[in-house]
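**Student:** Questions regarding the structure given below will be posed in turn.
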Amino acid sequence: MSILSKESQYCELGWSNLPSEPLLQVFSHLPVQDLGTVAQVCQHWNHISQFSQLWQRVEFNLSQASKSYLQPTPEGLINYILQHHAKHLKFVIFKMDSTVESAQMACYILSRLVNCSLKTLALISSARPVFLDMDQQSFISALTVVFDHSHTLSSVAIDNTPVDDMSLEVLASSNSRTLELLRMKSCPRVSPEGILSLADHCCHLRELTLSYTLLSDDLLLALSSEEHVCLEYLHIDVYTEKDMLLQQISPQCWSALVEHSPDMNLVMYFFVIPDQSFDTLFMSYTPVTHIYFGDHVPKRVLGRIGSHCPRLKELVVGANGNSFINDELLNIANNCPELSSLGLGECEVTCSAFVKFAHICGPRLKELYVTEECLVEDSQYDLTKACKQVSELIGRDWAPEYMPIW
């Protein structure tokens, strides 16, 4: 066959006759909204667009156009997915604005997911928690339907929802062998006993995110049992209601968890907390690896971190006040040999103390973000001299930030 005739043959094929395999590969990178468009090109593309693997991953954007920046998923597409492809869904993410209407639509969709084998389910609110404003029993009923009918869930994110102990029991009963990641911060209807029961049943949990109020000695011991796989991440949100005291966790239980999961990252996020609520924290051994103080933290707490948190790798302090934290920072540098990242915002450290800190840590400081206003010049170092010395000590050029970047 001549070259000319071959070129003619290829030209005659056209877009409508492209092989199924490359088309399927291209279509797999399209959002579901665009699959409806390509399905209208020709019969061949329409046929390919119905392949089940293209409908396994769906992100539902639920919003009121006049009140949100989110581009909503068309209601017609939602109904089409529920009617024709619900059984193919494996990875489902809901992104919602702060309206009750969006939460109600999410509940409607959840209640229809009865014939699919989900692996991932995530409920994400773009603003304030929306599910807590609607009829909570309707939400729990819809979510429990999904938990009961899915036996392959490995990742579940249900932050800021009215999920309760009973629905967690259903989740654990149906997915005990598959659940590996669970995020459930700010779930006021869940008790410490509820999360403990789930941990007892779901021995393959590798990543867990929850509020400090759900933490208990019994939970740590359950996660440390021989039947449980090694935990990789434990994320803790620390916040309190008015006049609420935070319970102290036994250092023996922390030690048991670290012995069972030596590579675990324990990440703690601190929000607006009254000074007195810190009185039970870091009073004894705490194997935290990453600490983020988003607001004011008392000076005495930083002192306890250096004494009781030897596994610390990263510390971010958003604010401390007008008192110098020289001794506290040097104590942390001396007693936390794995510390490699530091962020300081509205704090005060003398340039001399900061240079000493850099001298102790040296090149292991991979991330060092300190605002310029944090460093106070003294008789030994002005800002320029301190920056030059710190650069030499950590092995790279360094300068302070003009504003926090974390």
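Identifiers in the structure tokens: chain A, B, ... in order shown; residue index from 1 per chain; ligand index from 1 in order shown.
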Quick one: contact table of segment 229-340 of chain A to segment 184-189 of chain A, 10 Å max, nearest atom pair and distance in Å to one decimal per residue, counting only C-alpha atoms, chain and number order, as a tab-separated table?
**Tutor:**
residue	atom	partner	partner_atom	distance
A:His235	CA	A:Lys185	CA	9.2
A:Ile236	CA	A:Lys185	CA	8.2
A:Asp237	CA	A:Lys185	CA	6.9
A:Val238	CA	A:Lys185	CA	9.8
A:Tyr239	CA	A:Ser186	CA	9.5
**Student:** Limited to N, CA, C and O atoms, could you put the picked residues into a file as a PDB file, in the first residue's frame?
**Tutor:**
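Done, and the output landed in part-v7.pdb:
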ATOM      1  N   HIS A 235      -4.272  12.390  64.233  1.00  0.00           N
ATOM      2  CA  HIS A 235      -4.473  13.839  64.213  1.00  0.00           C
ATOM      3  C   HIS A 235      -5.473  14.207  65.313  1.00  0.00           C
ATOM      4  O   HIS A 235      -6.559  13.636  65.375  1.00  0.00           O
ATOM      5  N   ILE A 236      -5.093  15.178  66.142  1.00  0.00           N
ATOM      6  CA  ILE A 236      -5.937  15.587  67.257  1.00  0.00           C
ATOM      7  C   ILE A 236      -6.225  17.078  67.160  1.00  0.00           C
ATOM      8  O   ILE A 236      -5.299  17.899  67.107  1.00  0.00           O
ATOM      9  N   ASP A 237      -7.508  17.454  67.128  1.00  0.00           N
ATOM     10  CA  ASP A 237      -7.915  18.853  67.213  1.00  0.00           C
ATOM     11  C   ASP A 237      -8.203  19.169  68.672  1.00  0.00           C
ATOM     12  O   ASP A 237      -9.037  18.499  69.300  1.00  0.00           O
ATOM     13  N   VAL A 238      -7.525  20.170  69.208  1.00  0.00           N
ATOM     14  CA  VAL A 238      -7.693  20.521  70.618  1.00  0.00           C
ATOM     15  C   VAL A 238      -8.439  21.840  70.720  1.00  0.00           C
ATOM     16  O   VAL A 238      -7.959  22.879  70.256  1.00  0.00           O
ATOM     17  N   TYR A 239      -9.620  21.799  71.307  1.00  0.00           N
ATOM     18  CA  TYR A 239     -10.418  22.999  71.550  1.00  0.00           C
ATOM     19  C   TYR A 239     -11.329  22.707  72.733  1.00  0.00           C
ATOM     20  O   TYR A 239     -11.532  21.542  73.114  1.00  0.00           O
TER      21      TYR A 239
END
**Student:** Got a sec: who's within 9 Å of Val100 of chain A, counting only C-alpha atoms, leaving out chain neighbours fewer than 5 positions off, as a PyMOL selection string?
**Tutor:** chain A and resi 105+130-131+133-134
**Student:** For the residues in the current selection, export all heavy atoms as a CSV table (one decimal), in the first residue's frame.
**Tutor:**
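File produced: part.csv:
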chain,number,residue,atom,x,y,z
A,105,MET,N,-29.7,18.0,50.0
A,105,MET,CA,-29.4,17.3,48.8
A,105,MET,C,-28.4,16.2,49.0
A,105,MET,O,-28.5,15.1,48.4
A,105,MET,CB,-28.9,18.3,47.7
A,105,MET,CG,-28.5,17.7,46.4
A,105,MET,SD,-29.8,16.7,45.6
A,105,MET,CE,-30.8,18.0,44.8
A,130,VAL,N,-22.5,22.6,58.1
A,130,VAL,CA,-23.8,22.7,57.6
A,130,VAL,C,-24.7,21.6,58.1
A,130,VAL,O,-25.9,21.8,58.3
A,130,VAL,CB,-23.9,22.9,56.1
A,130,VAL,CG1,-23.3,21.6,55.4
A,130,VAL,CG2,-25.3,23.1,55.6
A,131,PHE,N,-24.2,20.4,58.3
A,131,PHE,CA,-25.0,19.3,58.6
A,131,PHE,C,-25.6,19.4,60.1
A,131,PHE,O,-26.6,18.8,60.4
A,131,PHE,CB,-24.2,18.0,58.5
A,131,PHE,CG,-24.0,17.6,57.1
A,131,PHE,CD1,-22.7,17.6,56.6
A,131,PHE,CD2,-25.0,17.1,56.3
A,131,PHE,CE1,-22.5,17.2,55.3
A,131,PHE,CE2,-24.8,16.8,55.0
A,131,PHE,CZ,-23.5,16.8,54.5
A,133,ASP,N,-27.0,22.0,61.2
A,133,ASP,CA,-28.1,22.9,61.2
A,133,ASP,C,-29.4,22.3,60.7
A,133,ASP,O,-30.4,22.9,60.7
A,133,ASP,CB,-27.8,24.1,60.3
A,133,ASP,CG,-26.6,25.0,60.9
A,133,ASP,OD1,-26.4,24.9,62.1
A,133,ASP,OD2,-26.0,25.7,60.1
A,134,MET,N,-29.3,21.1,60.1
A,134,MET,CA,-30.5,20.5,59.5
A,134,MET,C,-31.0,19.4,60.5
A,134,MET,O,-30.6,19.2,61.6
A,134,MET,CB,-30.1,19.8,58.2
A,134,MET,CG,-29.1,18.7,58.3
A,134,MET,SD,-28.8,17.8,56.8
A,134,MET,CE,-30.4,17.1,56.5
**Student:** Looking only at the backbone, which of the residues in segment 308-357 of chain A does DSSP tag as alpha helix (DSSP H), as a PyMOL selection string?
**Tutor:** chain A and resi 308+326-335+351-357
**Student:** Within 8 Å of segment 23-37 of chain A, counting only C-alpha atoms, which residues qualify if same-chain residues fewer than 6 places away don't, as a list in words?
**Tutor:**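 The residues satisfying every condition are Trp45, Ile48, Ser49, Gln53, Leu54, Trp55, Val58, Thr73 and Leu77 of chain A.
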**Student:** Would you mind exporting N, CA, C and O atoms of the selected residues as a PDB file, in the first residue's frame?
**Tutor:**
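New file again_22.pdb:
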ATOM      1  N   TRP A  45     -18.480   7.454  20.820  1.00  0.00           N
ATOM      2  CA  TRP A  45     -18.077   8.143  22.043  1.00  0.00           C
ATOM      3  C   TRP A  45     -19.129   7.960  23.132  1.00  0.00           C
ATOM      4  O   TRP A  45     -18.799   7.850  24.315  1.00  0.00           O
ATOM      5  N   ILE A  48     -18.495   4.588  24.680  1.00  0.00           N
ATOM      6  CA  ILE A  48     -17.322   4.567  25.558  1.00  0.00           C
ATOM      7  C   ILE A  48     -17.609   5.310  26.862  1.00  0.00           C
ATOM      8  O   ILE A  48     -17.172   4.904  27.939  1.00  0.00           O
ATOM      9  N   SER A  49     -18.366   6.385  26.776  1.00  0.00           N
ATOM     10  CA  SER A  49     -18.626   7.199  27.968  1.00  0.00           C
ATOM     11  C   SER A  49     -19.461   6.470  29.015  1.00  0.00           C
ATOM     12  O   SER A  49     -19.551   6.922  30.158  1.00  0.00           O
ATOM     13  N   GLN A  53     -15.917   2.045  34.576  1.00  0.00           N
ATOM     14  CA  GLN A  53     -14.748   2.592  35.268  1.00  0.00           C
ATOM     15  C   GLN A  53     -14.683   4.113  35.214  1.00  0.00           C
ATOM     16  O   GLN A  53     -13.982   4.737  36.018  1.00  0.00           O
ATOM     17  N   LEU A  54     -15.420   4.727  34.285  1.00  0.00           N
ATOM     18  CA  LEU A  54     -15.441   6.187  34.211  1.00  0.00           C
ATOM     19  C   LEU A  54     -16.340   6.810  35.274  1.00  0.00           C
ATOM     20  O   LEU A  54     -16.270   8.020  35.520  1.00  0.00           O
ATOM     21  N   TRP A  55     -17.164   6.010  35.907  1.00  0.00           N
ATOM     22  CA  TRP A  55     -18.130   6.518  36.878  1.00  0.00           C
ATOM     23  C   TRP A  55     -17.836   6.036  38.292  1.00  0.00           C
ATOM     24  O   TRP A  55     -18.713   6.045  39.156  1.00  0.00           O
ATOM     25  N   VAL A  58     -16.656  10.245  41.716  1.00  0.00           N
ATOM     26  CA  VAL A  58     -17.563  11.368  41.473  1.00  0.00           C
ATOM     27  C   VAL A  58     -17.442  12.378  42.605  1.00  0.00           C
ATOM     28  O   VAL A  58     -17.407  12.016  43.785  1.00  0.00           O
ATOM     29  N   THR A  73     -22.987  21.011  40.804  1.00  0.00           N
ATOM     30  CA  THR A  73     -23.234  19.915  39.876  1.00  0.00           C
ATOM     31  C   THR A  73     -24.702  19.974  39.457  1.00  0.00           C
ATOM     32  O   THR A  73     -25.590  20.014  40.313  1.00  0.00           O
ATOM     33  N   LEU A  77     -27.665  15.964  36.096  1.00  0.00           N
ATOM     34  CA  LEU A  77     -26.528  15.039  36.106  1.00  0.00           C
ATOM     35  C   LEU A  77     -26.543  14.190  37.367  1.00  0.00           C
ATOM     36  O   LEU A  77     -26.247  12.984  37.315  1.00  0.00           O
TER      37      LEU A  77
END
**Student:** Can I get the residues of segment 203-234 of chain A within 12 Å of segment 287-306 of chain A, each with the closest pair of atoms and their distance in Å to one decimal, using only C-alpha atoms, sorted chain first then ascending number, as JSON lines?
**Tutor:**
{"residue": "A:Glu232", "atom": "CA", "partner": "A:Thr289", "partner_atom": "CA", "distance": 11.7}
{"residue": "A:Tyr233", "atom": "CA", "partner": "A:Thr289", "partner_atom": "CA", "distance": 10.1}
{"residue": "A:Leu234", "atom": "CA", "partner": "A:Val288", "partner_atom": "CA", "distance": 9.3}
**Student:** May I have the selected residues written with N, CA, C and O atoms, as a PDB file, in the first residue's frame?
**Tutor:**
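Below is the file part-v6.pdb, written as the result:
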ATOM      1  N   GLU A 232      -0.293   4.998  61.630  1.00  0.00           N
ATOM      2  CA  GLU A 232       0.660   5.860  60.938  1.00  0.00           C
ATOM      3  C   GLU A 232       0.454   7.324  61.302  1.00  0.00           C
ATOM      4  O   GLU A 232       1.429   8.068  61.451  1.00  0.00           O
ATOM      5  N   TYR A 233      -0.805   7.745  61.415  1.00  0.00           N
ATOM      6  CA  TYR A 233      -1.112   9.128  61.761  1.00  0.00           C
ATOM      7  C   TYR A 233      -2.256   9.173  62.767  1.00  0.00           C
ATOM      8  O   TYR A 233      -3.277   8.513  62.588  1.00  0.00           O
ATOM      9  N   LEU A 234      -2.066   9.977  63.799  1.00  0.00           N
ATOM     10  CA  LEU A 234      -3.138  10.295  64.736  1.00  0.00           C
ATOM     11  C   LEU A 234      -3.211  11.821  64.809  1.00  0.00           C
ATOM     12  O   LEU A 234      -2.302  12.482  65.319  1.00  0.00           O
TER      13      LEU A 234
END
**Student:** Find the residues around Asp378 of chain A up to 10 Å (only C-alpha atoms counted), leave out those fewer than 3 positions away in its own chain, and share them as a VMD selection string.
**Tutor:** chain A and resid 350 to 353 375 381 to 383
**Student:** Skipping near chain neighbours, those fewer than 6 positions away, what residues fall within 8 Å of Cys116 of chain A using only C-alpha atoms, listed as an NGL selection string?
**Tutor:** :A and (86-90 or 149-150)
**Student:** I need the residue nearest Leu344 of chain A from this list: A:Ser307, A:Ser391, A:Thr240, A:Asn320. Use only C-alpha atoms for the distance.
**Tutor:**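 Once distances to Leu344 of chain A are computed over only C-alpha atoms, the minimum belongs to A:Asn320.
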**Student:** Could you check which of A:Ser261, A:Ser250, A:Asn160, A:Gln83 is closest to Ser225 of chain A, using only C-alpha atoms?
**Tutor:**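 Using only C-alpha atoms, Ser225 of chain A sits closest to A:Ser261.
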**Student:** Which residues are close to Leu110 of chain A, i.e. within 7 Å by only C-alpha atoms, leaving aside same-chain residues fewer than 5 positions away? Reply as a PyMOL selection string.
**Tutor:** chain A and resi 142-143+146
**Student:** Could you save those same residues with all heavy atoms as a CSV table (one decimal), in the first residue's frame?
**Tutor:**
chain,number,residue,atom,x,y,z
A,142,ALA,N,-29.6,8.6,56.6
A,142,ALA,CA,-29.0,8.5,55.2
A,142,ALA,C,-27.6,8.0,55.3
A,142,ALA,O,-27.2,7.1,54.5
A,142,ALA,CB,-29.0,9.9,54.5
A,143,LEU,N,-26.8,8.5,56.3
A,143,LEU,CA,-25.4,8.0,56.4
A,143,LEU,C,-25.3,6.5,56.8
A,143,LEU,O,-24.5,5.8,56.3
A,143,LEU,CB,-24.6,8.9,57.4
A,143,LEU,CG,-23.1,8.6,57.5
A,143,LEU,CD1,-22.4,9.0,56.2
A,143,LEU,CD2,-22.6,9.5,58.7
A,146,VAL,N,-25.6,4.1,54.0
A,146,VAL,CA,-24.4,3.9,53.2
A,146,VAL,C,-23.5,3.0,54.0
A,146,VAL,O,-22.9,2.0,53.4
A,146,VAL,CB,-23.7,5.3,53.0
A,146,VAL,CG1,-22.3,5.1,52.3
A,146,VAL,CG2,-24.5,6.2,52.1
**Student:** I need the residue nearest Asn61 of chain A from this list: A:Asp159, A:Glu373, A:Glu314, A:Asp97. Use only C-alpha atoms for the distance.
**Tutor:**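 Among the listed residues, the smallest separation from Asn61 of chain A belongs to A:Asp97.
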**Student:** Measure the distance from atom CA of Leu153 of chain A to atom CA of Leu196 of chain A in Å and round it to one decimal.
**Tutor:** 18.7 Å
**Student:** How many Å lie between atom CA of Ser340 of chain A and atom CA of Val316 of chain A, rounded to one decimal?
**Tutor:**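 Spanning atom CA of Ser340 of chain A to atom CA of Val316 of chain A is a straight-line distance of 11.5 Å.
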**Student:** For Ser216 of chain A, find every residue with an atom within 9 Å (counting only C-alpha atoms), except residues of its own chain fewer than 4 positions away, and show them as a list of chain:residue names.
**Tutor:**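 These residues fall inside the cut-off: A:Pro192, A:Leu196, A:Tyr212, A:Leu220, A:Leu221, A:Gln247, A:Gln248, A:Ile249, A:Ser250.
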**Student:** Mind writing the picked residues with N, CA and C atoms as a PDB file, in the first residue's frame?
**Tutor:**
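The file below, selection.pdb, is the result:
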ATOM      1  N   PRO A 192     -16.668   9.094  73.777  1.00  0.00           N
ATOM      2  CA  PRO A 192     -15.416   8.312  73.836  1.00  0.00           C
ATOM      3  C   PRO A 192     -15.675   6.817  73.737  1.00  0.00           C
ATOM      4  N   LEU A 196     -14.161   4.273  70.867  1.00  0.00           N
ATOM      5  CA  LEU A 196     -13.438   3.117  71.401  1.00  0.00           C
ATOM      6  C   LEU A 196     -13.981   1.821  70.809  1.00  0.00           C
ATOM      7  N   TYR A 212      -9.906  16.152  70.642  1.00  0.00           N
ATOM      8  CA  TYR A 212      -9.242  15.732  71.887  1.00  0.00           C
ATOM      9  C   TYR A 212     -10.251  15.188  72.892  1.00  0.00           C
ATOM     10  N   LEU A 220      -6.283   4.580  73.434  1.00  0.00           N
ATOM     11  CA  LEU A 220      -4.875   4.364  73.096  1.00  0.00           C
ATOM     12  C   LEU A 220      -4.480   2.899  73.285  1.00  0.00           C
ATOM     13  N   LEU A 221      -4.993   2.281  74.337  1.00  0.00           N
ATOM     14  CA  LEU A 221      -4.684   0.868  74.558  1.00  0.00           C
ATOM     15  C   LEU A 221      -5.304  -0.019  73.480  1.00  0.00           C
ATOM     16  N   GLN A 247      -9.045  16.382  79.654  1.00  0.00           N
ATOM     17  CA  GLN A 247      -8.558  15.283  80.467  1.00  0.00           C
ATOM     18  C   GLN A 247      -7.080  15.024  80.185  1.00  0.00           C
ATOM     19  N   GLN A 248      -6.398  14.539  81.180  1.00  0.00           N
ATOM     20  CA  GLN A 248      -4.981  14.212  81.038  1.00  0.00           C
ATOM     21  C   GLN A 248      -4.846  12.744  80.642  1.00  0.00           C
ATOM     22  N   ILE A 249      -4.005  12.489  79.640  1.00  0.00           N
ATOM     23  CA  ILE A 249      -3.798  11.125  79.160  1.00  0.00           C
ATOM     24  C   ILE A 249      -2.591  10.520  79.861  1.00  0.00           C
ATOM     25  N   SER A 250      -2.726   9.286  80.262  1.00  0.00           N
ATOM     26  CA  SER A 250      -1.660   8.606  80.996  1.00  0.00           C
ATOM     27  C   SER A 250      -0.406   8.450  80.131  1.00  0.00           C
TER      28      SER A 250
END
**Student:** Within 12 Å of segment 203-208 of chain A, which residues of segment 255-367 of chain A show up? Give each one with its shortest atom-to-atom distance in Å (one decimal) and the two atoms involved, counting only C-alpha atoms, rows by chain then rising residue number, as a tab-separated table.
**Tutor:**
residue	atom	partner	partner_atom	distance
A:Ser261	CA	A:Arg206	CA	9.9
A:Asp263	CA	A:Arg206	CA	11.3
A:Met264	CA	A:Arg206	CA	9.2
A:Asn265	CA	A:Glu207	CA	9.5
A:Leu266	CA	A:Leu208	CA	9.9
A:Val267	CA	A:Leu208	CA	10.4
**Student:** Taking N, CA and C atoms for each residue, export the selection above as a short mmCIF file (atom, residue, chain, number, x, y, z; two decimals), in the first residue's frame.
**Tutor:**
data_model
loop_
_atom_site.label_atom_id
_atom_site.label_comp_id
_atom_site.auth_asym_id
_atom_site.auth_seq_id
_atom_site.Cartn_x
_atom_site.Cartn_y
_atom_site.Cartn_z
N SER A 261 3.39 1.30 67.70
CA SER A 261 3.50 2.01 66.42
C SER A 261 4.64 3.02 66.49
N ASP A 263 6.63 4.37 64.42
CA ASP A 263 6.76 5.39 63.37
C ASP A 263 5.53 6.30 63.27
N MET A 264 4.65 6.22 64.24
CA MET A 264 3.42 7.02 64.20
C MET A 264 3.73 8.51 64.30
N ASN A 265 3.01 9.30 63.50
CA ASN A 265 3.04 10.76 63.61
C ASN A 265 1.81 11.20 64.40
N LEU A 266 2.06 11.85 65.53
CA LEU A 266 0.99 12.39 66.36
C LEU A 266 0.94 13.89 66.13
N VAL A 267 -0.13 14.36 65.49
CA VAL A 267 -0.25 15.76 65.08
C VAL A 267 -1.35 16.42 65.91
#
**Student:** My list of candidates is A:Ser20, A:Ser284, A:Ser167, A:Ser211. Which is closest to Cys253 of chain A when distances are computed with only C-alpha atoms?
**Tutor:**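 With only C-alpha atoms as the atom set, the closest residue is A:Ser284.
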**Student:** From segment 234-298 of chain A, collect each residue whose DSSP state is strand (DSSP E or B) and return the set as a list in words.
**Tutor:**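 So, restricting segment 234-298 of chain A to strand (DSSP E or B), we get Leu234, His235, Ile236, Asp237, Val238, Asn265, Leu266, Val267, Met268, Tyr269, Phe270, His290, Ile291, Tyr292, Phe293, Gly294, Asp295 and His296 of chain A.
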**Student:** Enter the distance from atom CA of Leu342 of chain A to atom CA of Asn322 of chain A, in Å, rounded to one decimal.
**Tutor:**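 Atom CA of Leu342 of chain A sits 19.1 Å away from atom CA of Asn322 of chain A.
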